[in-house]
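> This is the structure, below, for whatever I ask next.
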Amino acid sequence: MLVTSDLREREETASARWSRFHPIVTGEDYLDSLRNRDIDLYLFGELVENPVDHPIIRPSMNALKATYDLATEDPELATAESPLIGRRVNRFLHLVESAQDIVMKNRMQRRLGQITGTCFQRCAGLDTISVLHSITYEIDQKHGTSYHDRYIEFMKLAQANNIIIGAGMTDPKGDRSKRPSEQDDPDLFMHVTRRTDTGLYVTGAKAHMTGGFNSHWICVMPTMNLSETDRDYAVVGLVPADAAGLTYIYGRQSCDMRAMESGDVDKGNAKFGGQEALVVFDNVFIPWEHVLMDGEYEFAQEMVARFTAYHRASYVCKTGLGDVLIGAAATVAEYNGVENASHIKDKLVEMTHLNETIYSSAIASSYEAKPLASGIYMNDAMLANVCKQNVTRFPYELSRLAQDIAGGLMVTLPSQQDFENEVTGPLLKKYLKGRSNVPVEHRARLLRLIENMTLGRNAVGYLTESMHGAGSPQAQRIHIHRIMNIEKKKGYAKGLAGVSAHASAEKK
Ligand SMILES: Cc1cc2nc3c(=O)[nH]c(=O)nc-3n(C[C@H](O)[C@H](O)[C@H](O)COP(=O)(O)OP(=O)(O)OC[C@H]3O[C@@H](n4cnc5c(N)ncnc54)[C@H](O)[C@@H]3O)c2cc1C
């Protein structure tokens, strides 16, 4: 049990926190920034000594590194001019000032999906900084607080240092039928445990945190609407990833142990992977400069709604993964000698149709963006929710079609070691041959990629994250129901049908 004097040691100032960060320019700088951090990270029941070179963890860092590499290789797509610091910044830290900015964000997300074939983990942070712009502004307007200025100061440093911000929204939530303040264990939702002259302390956990360990800062924020009794749960704060009191517990992914094996074929996508972690906060200190909500519970619901409007359209990234999967299915069809069969062509068309349907709802949502009171733009919430609802379904159908085209070998293929064995290798190369001019290894690599995306490590990002990330399917349906304006639609119908309010009242 920590006593008050131990806790005081955690009362680090905002400037001391920032002094630990060095500006990142290249992807290699990013990897270096993750070395030698004093952080408790557990995987398989043990503290990880060197996470950056750990074979299970490194692919997730490579995926984030790609967001830095793309900024160097294609600055038009992956950087933007920031009026905050007067120079170009990584688009993942840019405050969206127009509909075109959000459209460019979507294009960049699709491109990164094509490059990595997985979740590159940086979108939730981008959508967090977008929502904080308007929410801090509106809280200040109502309560005379100074959250917005604090936020702007943070963002200037975030942009100048080119850091990664992780989004800590989802609490473990315990009994889903109870509000935060009704739970038997108060820590099942993050809450303030004490306040001092210099800041406040929070305890709780953030679940499923994408790229949690790969981030430099974590923004904690409420996960649902809150009432007056939940006031201590209405907290938004910015926490360095190595703050005292944090423990990271790494999430397992199906087939993750393949990363520990020699050879790269069976990994399917040896270079890139996603990452989720349970991040536990035990009395973590946040200086006032980094507190952006403290008790203004009435803003929690709108904050979640705006975050999800941004984030549900960010699932456009899955169309980049869809492009990879369609390409893999088409290539395997060629290797198997069936590319001209009409049903194969039709299945590839169907996959493309589903993928572009996701893209069209996301990009339409972004083109329909409007400015909020603070001046930042927000994409259309209805179309964003439709996009995410599509994403909860279509990647599953795309995966089904890819598995259909791939054939059963995708799940019965022997290991790379068997291909290399002097007895079994020649047998496999003889009996697993497809088209004669295609090396068997190429066929195996494509099949493993489809396995990786639809059943293996990257199915976490392509399928289950598509289902639950940014809210489970029902959350979108609730939102759509809330804003679908059914009365207006009834009015159109009644008008055309010649049913006036008076006439319908008479009938009663
Ligand atoms: C791969 C992945 C990455 C993620 N990344 C992040 C991240 O970076 N940051 C972050 O903050 N979160 C992240 N999330 C969390 C995500 O937002 C949640 O998974 C999602 O909100 C669902 O919450 P849950 O997982 O606790 O499921 P649950 O809330 O347990 O939902 C399970 C089912 O129960 C239903 N349900 C839940 N509550 C109720 C209720 N009160 N009444 C009726 N039905 C209910 C749901 O609709 C769903 O069908 C991620 C999730 C995944 C899977």
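Please note that chains go A, B, ... in the order of the structure tokens, that every chain numbers its residues from 1, and that ligands are numbered from 1 in the order shown.
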From a DSSP calculation on the backbone, collect every residue of region 370-449 of chain A in alpha helix (DSSP H) and output the set as a PyMOL selection string.
chain A and resi 381-391+394-406+409-412+416-420+424-431+440-449
> Any idea what's packed within 10 Å of Gly45 (chain A), counting only C-alpha atoms, ignoring anything in its chain fewer than 4 positions away? Could you give it as a JSON list (two decimals) with N, CA and C atoms, in the first residue's frame?

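Resulting contents of out.json:
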[["chain", "number", "residue", "atom", "x", "y", "z"],
["A", 41, "LEU", "N", 6.52, -3.86, -18.23],
["A", 41, "LEU", "CA", 5.71, -4.51, -19.27],
["A", 41, "LEU", "C", 5.79, -6.02, -19.05],
["A", 249, "ILE", "N", 0.25, -4.96, -19.40],
["A", 249, "ILE", "CA", 0.15, -6.42, -19.55],
["A", 249, "ILE", "C", -0.23, -6.69, -21.01],
["A", 250, "TYR", "N", 0.69, -7.33, -21.72],
["A", 250, "TYR", "CA", 0.58, -7.47, -23.18],
["A", 250, "TYR", "C", -0.53, -8.44, -23.57]]
> Give as a short mmCIF file (atom, residue, chain, number, x, y, z; two decimals) with C-alpha atoms, in the first residue's frame the residues surrounding ligand 1 up to a distance of 9 Å, considering only C-alpha atoms and all ligand atoms.

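Below is the file out_19.cif, written as the result:
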data_model
loop_
_atom_site.label_atom_id
_atom_site.label_comp_id
_atom_site.auth_asym_id
_atom_site.auth_seq_id
_atom_site.Cartn_x
_atom_site.Cartn_y
_atom_site.Cartn_z
CA CYS A 119 -3.35 -2.06 -37.45
CA GLN A 121 -2.04 1.87 -34.06
CA ARG A 122 -1.88 5.62 -34.47
CA CYS A 123 -5.46 6.57 -35.44
CA ALA A 124 -7.09 6.49 -32.00
CA GLY A 125 -4.56 9.04 -30.75
CA GLY A 166 -2.33 6.37 -27.28
CA ALA A 167 -6.07 6.55 -26.61
CA GLY A 168 -7.09 5.18 -23.21
CA MET A 169 -10.85 5.30 -23.40
CA THR A 170 -12.18 1.79 -22.69
CA ASP A 171 -12.46 0.93 -19.00
CA PRO A 172 -12.75 -2.73 -17.93
CA LYS A 173 -16.38 -1.83 -16.99
CA GLY A 174 -17.12 -4.79 -14.68
CA ASP A 175 -20.87 -5.41 -14.56
CA ARG A 176 -22.17 -3.76 -17.72
CA SER A 177 -25.61 -3.21 -16.18
CA LYS A 178 -24.16 -0.84 -13.56
CA ARG A 179 -22.88 2.73 -13.76
CA LYS A 206 -7.60 1.02 -19.68
CA ALA A 207 -8.37 -2.14 -21.61
CA HIS A 208 -7.44 -3.26 -25.13
CA MET A 209 -5.17 -0.25 -25.60
CA THR A 210 -4.00 -0.27 -29.19
CA GLY A 211 -0.27 0.43 -29.37
CA GLY A 212 -0.44 1.25 -25.66
CA VAL A 220 -7.16 8.83 -20.49
CA MET A 221 -10.79 9.79 -20.93
CA PRO A 222 -14.28 8.54 -20.00
CA THR A 223 -15.75 5.65 -21.95
CA GLY A 274 -0.72 -4.94 -34.13
CA GLN A 275 -0.59 -4.55 -30.38
CA GLU A 276 -3.08 -4.30 -27.55
CA ALA A 277 -2.36 -4.10 -23.83
CA VAL A 460 -7.05 -9.21 -34.47
CA GLY A 461 -6.70 -6.00 -36.43
CA TYR A 462 -8.65 -7.00 -39.53
CA LEU A 463 -11.59 -8.81 -37.92
CA THR A 464 -12.12 -8.45 -34.16
CA GLU A 465 -10.91 -4.88 -33.98
CA SER A 466 -13.28 -4.17 -36.88
CA MET A 467 -16.07 -5.65 -34.76
CA HIS A 468 -15.41 -4.01 -31.38
CA GLY A 469 -12.94 -1.16 -31.87
CA ALA A 470 -14.61 2.27 -31.56
CA GLY A 471 -17.59 0.45 -30.06
CA SER A 472 -19.36 -2.85 -30.69
CA PRO A 473 -21.94 -3.01 -33.54
CA GLN A 474 -24.89 -2.13 -31.32
CA ALA A 475 -23.22 1.13 -30.31
#
> Given only C-alpha atoms as the basis, pick out the residue of A:Ser130, A:Ser215, A:Thr72, A:Thr247 nearest to Asp40 (chain A).
A:Thr247
> Taking into account only C-alpha atoms, which residue in the set A:Gly495, A:Leu447, A:Ala369, A:Gly295 is nearest to Met410 (chain A)?
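Closest residue, counting only C-alpha atoms: A:Leu447.
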> Would you tabulate, counting only C-alpha atoms, all residues of region 80-148 of chain A that have an atom at most 9 Å from an atom of region 376-396 of chain A, showing the closest pair of atoms and their distance in Å to one decimal, sorted by chain then ascending number, as a Markdown table?

| residue | atom | partner | partner_atom | distance |
| --- | --- | --- | --- | --- |
| A:Leu95 | CA | A:Ile376 | CA | 7.0 |
| A:Val96 | CA | A:Tyr377 | CA | 5.8 |
| A:Glu97 | CA | A:Ile376 | CA | 5.3 |
| A:Ser98 | CA | A:Tyr377 | CA | 5.7 |
| A:Ala99 | CA | A:Tyr377 | CA | 6.7 |
| A:Asp101 | CA | A:Tyr377 | CA | 8.7 |
| A:Ile102 | CA | A:Asn379 | CA | 7.3 |
| A:Ser130 | CA | A:Ile376 | CA | 7.4 |
| A:Val131 | CA | A:Met378 | CA | 8.4 |
| A:His133 | CA | A:Ile376 | CA | 6.9 |
| A:Ser134 | CA | A:Ile376 | CA | 6.7 |
